[in-house]
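Input: a single structure, listed below in structure tokens.
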There are 2 protein chains.
Amino acid sequence: MRIKCKKRDLSEGINIVSKAVSNKTTMPILQCILVEAAGGRIKLIANDLELGIETFIEGTVLEEGKIALEAKFFSDIVRKLPESEINIETNSDYKTTVYCEKTKAIVPCRSGEDFSYLPVIEKEKSITLSQMTLRDIIRQTIFSISDNENTRLMTGEFFDIKNNKLSVVSLDGHRISIRNVELKGENPDVSVIVPGKTLQEISKILSGGIDDEVSIFFSDNNILFEFDETRIVSRLIEGEYFKISQMLSIDHNIVVKTDRKDLMSIIDRAMIFIQETDKKPIVVSVKNDNNMYIRVDTNLGSLNEELEVEKTGDEIIIGFNPKFIMDALRVIDDDSVNIYMYDSKSPCFIKNAEETYIYIILPININTSIY
Amino acid sequence: MRIKCKKRDLSEGINIVSKAVSNKTTMPILQCILVEAAGGRIKLIANDLELGIETFIEGTVLEEGKIALEAKFFSDIVRKLPESEINIETNSDYKTTVYCEKTKAIVPCRSGEDFSYLPVIEKEKSITLSQMTLRDIIRQTIFSISDNENTRLMTGEFFDIKNNKLSVVSLDGHRISIRNVELKGENPDVSVIVPGKTLQEISKILSGGIDDEVSIFFSDNNILFEFDETRIVSRLIEGEYFKISQMLSIDHNIVVKTDRKDLMSIIDRAMIFIQETDKKPIVVSVKNDNNMYIRVDTNLGSLNEELEVEKTGDEIIIGFNPKFIMDALRVIDDDSVNIYMYDSKSPCFIKNAEETYIYIILPININTSIY
């Protein structure tokens, strides 16, 4: 194989596919990036067998061929080369040399023959979104997946398409995050569970804006994301996702509207008083004087805060894990938020009127009589 | 105690003294910051018994007194308060409350009675430098101290004042870094060994420029740095420092001048090929064609590089630990550097003509016949 390309293009391509390089593996080939020069085009591929990414880069094929380069090393050396033209040559013994200006580097590699290509996905069922929308959806839901492999379904996000509406759901047993998006055109009804890791890596790669599209294709066991010069294939999580419709129909008669950043500052301070190990709640009480009083009492000390709100409905005292409230507030883009509650034992909803986002958070039981 | 001050001033003060708060200690009082309101001024103090820092902050004393506040907690809560006025009140039970706008926080604290004040330093022997110069001196020498407590002398830097010249030296057995500075006015002859940790913390606090001064006072066991509203006292390391004059008189007949950044890029790449465990050298050969050839050969691969130089003297082949060369090049501010060598077994010098900086690096033995 002999190729030449710009350092910048190669470096960008490596950055994209590196997200699918396995860190922990006993199979050295999974720690490699395959460089394939064929049909006049240069393709980079990485595949850890759960997630596979391939991308084409600009450049010239001088001699067709392929080689598997040790990803970490290859990425390091390319990043540190000057912004100039790079030539890569592989001889018949798989010895690979990288040339750039006056630099000549022989880099660790393996035969490309053992490399696993991405599975072929039939392109029957698909939807199209803007890259920015997909990135936002992931950012606004990914924090409430579970990282516990014993509850495998919870480590993924539920992508549910019905009546040309995409609903993305994540939950960890204490809270549920939902993003609803209207889709353009005619779309298939389909439901899959996408691994959280896949979504995290994709959101790092998606660099496009509102006008750049990403197509998503669904097969029985895999999902394919296609955008720009890049294709990402991930296995799906098998099983039936949790039914959340009952949660969504919960009543609420108390609505509190307040400034998002002011509430975040208060919770940020409250969290200093709460150590990981003691699961102390913050106690929120909304009074008829249109103030929300927030209080923490731990063995470290205590905090009393007060925040102006617009309230409809009764007074309420309710306890929360401050992290759950914080995680939701942090990803909402609106200046003010609406919080919907029923009583101190029922889940609280943070959502907008259009319900493009809904965060459902279970309260922590507190003895309301002492507050 | 009752004081009021601006959040910004308190936060800056905490940042400064926090550098002397002990992280690893069984004595809880060493993890505290003492807030002392006396004589109409507010002083913050931290002291881990090796290093002590005190600083005055702007503010109003409403009632004199003192209290030791748990440093990490106090720092966290103050940082997260709004940019506004802060009131701190301590009652007779040492319960301390921080007020800021609508926030009321009771914070962990202890009686200030057990707190160790900074030792008193007689101000007989002193020198004065610009804050910027001291910061530069530390940055340009600190990397070659040893972190091995078994060679305690090497964990500090030698401050040697003679004939109104300050010479600062650090060494770790493989290399020596020297910074020479002309002092203004009449100065005492004095030599001390200052702990590296002290210097690292001071360089983080020194924020002033070329016109802001720092005074340094020397006593038998301590050193005192005084600048702005801050005093820093550190114990000195006892013992007699290494004689380095013999090293400085070493001959050299080969001088190579080259671009600093270009050489850094090459060494940066070379370091990718060298793992921590295998102590492979980079092999540098300077030829009569006015090129420096740099080569690495390891079990990962090999690298060949070539760099234009201006050379006087013979050809040479010499091996180096690339990290030692890199550390020196990184802190030099000049665009080009001069490298002085004698043969493949003698130390190499990187220094400027005025010898305001001198970096001496021992070579690694290589079999020069194979190159």
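Please note that chains go A, B, ... in the order of the structure tokens, that every chain numbers its residues from 1, and that ligands are numbered from 1 in the order shown.
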Inset, instruction - Please return, as a ChimeraX atom specification, all residues of chain A lying within 7 Å of chain B when only C-alpha atoms are considered. - result: /A:77,80,102-108,269,272,300-306
Would you save the residues from that selection as a compact mmCIF listing (two decimals), in the first residue's frame, using all heavy atoms?
```
# COMPACT_ATOMS: atom_id res chain seq x y z
N ILE A 77 1.78 9.68 16.71
CA ILE A 77 2.83 10.13 15.80
C ILE A 77 2.24 11.10 14.76
O ILE A 77 2.84 12.13 14.46
CB ILE A 77 3.59 8.95 15.14
CG1 ILE A 77 4.82 9.45 14.36
CG2 ILE A 77 2.74 8.11 14.23
CD1 ILE A 77 6.01 9.73 15.21
N LYS A 80 1.72 14.58 16.07
CA LYS A 80 2.94 15.34 16.33
C LYS A 80 3.76 15.64 15.08
O LYS A 80 4.85 16.20 15.17
CB LYS A 80 3.78 14.60 17.37
CG LYS A 80 3.05 14.60 18.69
CD LYS A 80 3.79 14.01 19.84
CE LYS A 80 2.96 14.24 21.10
NZ LYS A 80 3.63 13.87 22.32
N LYS A 102 11.11 15.95 6.74
CA LYS A 102 12.36 15.21 6.95
C LYS A 102 12.22 14.07 7.95
O LYS A 102 13.21 13.52 8.42
CB LYS A 102 13.45 16.18 7.43
CG LYS A 102 13.88 17.15 6.34
CD LYS A 102 14.94 18.10 6.88
CE LYS A 102 15.37 19.08 5.80
NZ LYS A 102 16.27 20.11 6.37
N THR A 103 10.98 13.75 8.32
CA THR A 103 10.74 12.68 9.29
C THR A 103 10.47 11.36 8.56
O THR A 103 9.73 11.33 7.59
CB THR A 103 9.51 13.02 10.16
OG1 THR A 103 9.74 14.26 10.80
CG2 THR A 103 9.23 11.93 11.17
N LYS A 104 11.08 10.29 9.09
CA LYS A 104 10.81 8.96 8.57
C LYS A 104 10.59 8.06 9.78
O LYS A 104 11.51 7.87 10.59
CB LYS A 104 12.02 8.48 7.76
CG LYS A 104 11.88 7.09 7.21
CD LYS A 104 13.19 6.63 6.55
CE LYS A 104 13.18 5.12 6.39
NZ LYS A 104 14.52 4.59 6.10
N ALA A 105 9.35 7.54 9.91
CA ALA A 105 9.03 6.74 11.09
C ALA A 105 8.52 5.37 10.68
O ALA A 105 7.63 5.27 9.85
CB ALA A 105 7.98 7.46 11.93
N ILE A 106 9.11 4.34 11.28
CA ILE A 106 8.60 2.99 11.07
C ILE A 106 7.70 2.67 12.27
O ILE A 106 8.14 2.76 13.41
CB ILE A 106 9.74 1.98 10.93
CG1 ILE A 106 10.54 2.31 9.66
CG2 ILE A 106 9.20 0.54 10.87
CD1 ILE A 106 11.83 1.55 9.52
N VAL A 107 6.43 2.37 11.99
CA VAL A 107 5.43 2.31 13.06
C VAL A 107 4.91 0.88 13.23
O VAL A 107 4.91 0.09 12.29
CB VAL A 107 4.26 3.28 12.77
CG1 VAL A 107 4.76 4.71 12.70
CG2 VAL A 107 3.53 2.90 11.48
N PRO A 108 4.46 0.54 14.47
CA PRO A 108 3.97 -0.81 14.72
C PRO A 108 2.66 -1.11 13.99
O PRO A 108 1.77 -0.27 13.97
CB PRO A 108 3.76 -0.84 16.24
CG PRO A 108 3.71 0.57 16.68
CD PRO A 108 4.45 1.37 15.68
N ARG A 269 -24.36 24.75 45.67
CA ARG A 269 -23.90 24.97 47.04
C ARG A 269 -24.38 23.84 47.95
O ARG A 269 -23.63 23.34 48.80
CB ARG A 269 -24.41 26.31 47.57
CG ARG A 269 -23.75 27.51 46.92
CD ARG A 269 -24.06 28.80 47.66
NE ARG A 269 -25.40 29.32 47.43
CZ ARG A 269 -25.76 30.08 46.40
NH1 ARG A 269 -24.86 30.39 45.46
NH2 ARG A 269 -26.99 30.55 46.28
N ILE A 272 -22.29 20.67 48.25
CA ILE A 272 -21.06 20.67 49.06
C ILE A 272 -21.31 20.04 50.42
O ILE A 272 -20.43 19.43 51.01
CB ILE A 272 -20.55 22.12 49.27
CG1 ILE A 272 -20.39 22.85 47.95
CG2 ILE A 272 -19.24 22.12 50.04
CD1 ILE A 272 -20.03 24.32 48.12
N LEU A 300 -21.91 17.86 58.27
CA LEU A 300 -20.92 18.89 57.93
C LEU A 300 -21.39 20.28 58.33
O LEU A 300 -20.59 21.14 58.68
CB LEU A 300 -20.63 18.88 56.43
CG LEU A 300 -19.85 17.69 55.89
CD1 LEU A 300 -19.81 17.72 54.37
CD2 LEU A 300 -18.42 17.71 56.44
N GLY A 301 -22.70 20.50 58.24
CA GLY A 301 -23.23 21.82 58.53
C GLY A 301 -24.62 21.93 57.95
O GLY A 301 -25.26 20.93 57.68
N SER A 302 -25.07 23.14 57.74
CA SER A 302 -26.40 23.30 57.18
C SER A 302 -26.45 24.49 56.25
O SER A 302 -25.62 25.39 56.32
CB SER A 302 -27.43 23.45 58.29
OG SER A 302 -27.27 24.71 58.90
N LEU A 303 -27.43 24.46 55.35
CA LEU A 303 -27.57 25.53 54.37
C LEU A 303 -29.04 25.88 54.27
O LEU A 303 -29.90 25.00 54.20
CB LEU A 303 -27.05 25.04 53.01
CG LEU A 303 -27.12 26.04 51.86
CD1 LEU A 303 -26.05 27.12 52.02
CD2 LEU A 303 -26.95 25.34 50.52
N ASN A 304 -29.34 27.18 54.26
CA ASN A 304 -30.70 27.66 54.05
C ASN A 304 -30.69 28.62 52.88
O ASN A 304 -29.89 29.56 52.86
CB ASN A 304 -31.20 28.40 55.28
CG ASN A 304 -31.58 27.44 56.38
OD1 ASN A 304 -32.69 26.94 56.42
ND2 ASN A 304 -30.63 27.15 57.26
N GLU A 305 -31.55 28.36 51.91
CA GLU A 305 -31.59 29.21 50.73
C GLU A 305 -33.04 29.58 50.43
O GLU A 305 -33.97 28.88 50.86
CB GLU A 305 -31.01 28.47 49.51
CG GLU A 305 -29.57 28.05 49.65
CD GLU A 305 -28.59 29.08 49.12
OE1 GLU A 305 -29.04 30.16 48.67
OE2 GLU A 305 -27.38 28.80 49.16
N GLU A 306 -33.19 30.62 49.65
CA GLU A 306 -34.52 31.15 49.38
C GLU A 306 -34.51 31.67 47.95
O GLU A 306 -33.56 32.31 47.54
CB GLU A 306 -34.73 32.28 50.41
CG GLU A 306 -35.97 33.05 50.33
CD GLU A 306 -35.99 34.15 51.42
OE1 GLU A 306 -35.30 34.01 52.48
OE2 GLU A 306 -36.65 35.16 51.19
```
Residue contacts of Ile178 (chain A) (9 Å, only C-alpha atoms) excluding same-chain residues fewer than 2 positions away, as a PDB file with C-alpha atoms, in the first residue's frame:
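Output file around03.pdb is given in full below:
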```pdb
ATOM      1  CA  ILE A 137     -30.835  14.707  22.170  1.00  0.00           C
ATOM      2  CA  GLN A 140     -29.955  15.973  27.166  1.00  0.00           C
ATOM      3  CA  THR A 141     -30.651  12.332  28.039  1.00  0.00           C
ATOM      4  CA  SER A 167     -38.969   9.770  21.484  1.00  0.00           C
ATOM      5  CA  VAL A 168     -35.645   9.087  23.213  1.00  0.00           C
ATOM      6  CA  VAL A 169     -35.776   7.747  26.763  1.00  0.00           C
ATOM      7  CA  SER A 170     -33.157   6.937  29.385  1.00  0.00           C
ATOM      8  CA  LEU A 171     -33.751   5.838  32.964  1.00  0.00           C
ATOM      9  CA  ILE A 176     -36.388   9.214  33.602  1.00  0.00           C
ATOM     10  CA  ASN A 180     -39.393  14.231  21.911  1.00  0.00           C
ATOM     11  CA  GLU A 355     -42.990  18.498  26.164  1.00  0.00           C
ATOM     12  CA  THR A 356     -39.926  18.393  23.900  1.00  0.00           C
ATOM     13  CA  TYR A 357     -38.138  17.524  27.158  1.00  0.00           C
ATOM     14  CA  ILE A 358     -39.502  15.782  30.241  1.00  0.00           C
ATOM     15  CA  TYR A 359     -37.402  14.940  33.302  1.00  0.00           C
ATOM     16  CA  ILE A 360     -39.112  12.770  35.888  1.00  0.00           C
TER      17      ILE A 360
END
```
Legend entry - Nearby residues (only C-alpha atoms) at most 8 Å from Lys345 (chain A), same-chain spacing under 3 positions excluded, as a PyMOL selection string: chain A and resi 318+362-365
Go ahead and save the picked residues with C-alpha atoms, as a PDB file, in the first residue's frame.
```pdb
ATOM      1  CA  ILE A 318     -40.496  17.516  49.250  1.00  0.00           C
ATOM      2  CA  LEU A 362     -38.441  10.406  42.206  1.00  0.00           C
ATOM      3  CA  PRO A 363     -38.388  12.245  45.540  1.00  0.00           C
ATOM      4  CA  ILE A 364     -36.568  11.029  48.660  1.00  0.00           C
ATOM      5  CA  ASN A 365     -38.855  10.267  51.575  1.00  0.00           C
TER       6      ASN A 365
END
```
Inset, instruction - Would you please work out which residue, of A:Glu54, A:Glu36, A:Glu63, A:Glu182, is nearest to Leu224 (chain A) when using only C-alpha atoms? - result: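 Selected residue with least distance to Leu224 (chain A): A:Glu54.
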Inset, instruction - From the DSSP assignment of the backbone, select every residue of region 17-147 of chain A that is alpha helix (DSSP H), and format the answer as a list in words. - result: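 Those residues are Val17, Ser18, Ala71, Lys72, Phe73, Phe74, Ser75, Asp76, Ile77, Val78, Arg79, Gln131, Met132, Thr133, Leu134, Arg135, Asp136, Ile137, Ile138 and Arg139 of chain A.
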Legend entry - Among the residues A:Thr90, A:Asn321, A:Ser22, A:Thr277, the one that comes closest to His174 (chain A) [using only C-alpha atoms]: A:Asn321
Inset, instruction - To one decimal in Å, tell me the separation between CA of Tyr117 (chain B) and CA of Ser207 (chain B). - result: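 These two atoms are separated by 24.4 Å.
We find CA of Glu240 (chain B) and CA of Lys165 (chain B) to be spaced 19.6 Å apart.
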Legend entry - Nearest residue to Ile274 (chain A) from the set A:Asn290, A:Thr26, A:Asn222, A:Thr298 (distances using only C-alpha atoms):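 Looking only at the distances to Ile274 (chain A), the closest residue turns out to be A:Thr298.
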Legend entry - d(CA of Leu44 (chain A), CA of Val120 (chain A)) in Å: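 Straight-line distance from CA of Leu44 (chain A) to CA of Val120 (chain A) works out to 16.5 Å.
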Inset, instruction - Would you please work out which residue, of B:Asp172, B:Glu213, B:Glu50, B:Glu226, is nearest to Lys123 (chain B) when using only C-alpha atoms? - result: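 Of B:Asp172, B:Glu213, B:Glu50, B:Glu226, the one nearest Lys123 (chain B), counting only C-alpha atoms, is B:Glu226.
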Legend entry - DSSP strand (DSSP E) residues within region 145-343 of chain A, listed as a ChimeraX atom specification: /A:156-162,165-171,175-182,190-195,213-218,222-227,230-235,254-259,282-286,291-297,302-308,310-312,316-320,336-341
Legend entry - Nearest candidate to Arg139 (chain B) (options B:Arg231, B:Lys125, B:Lys204, B:Arg41; using only C-alpha atoms):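 Among B:Arg231, B:Lys125, B:Lys204, B:Arg41, it is B:Lys204 that comes nearest to Arg139 (chain B).
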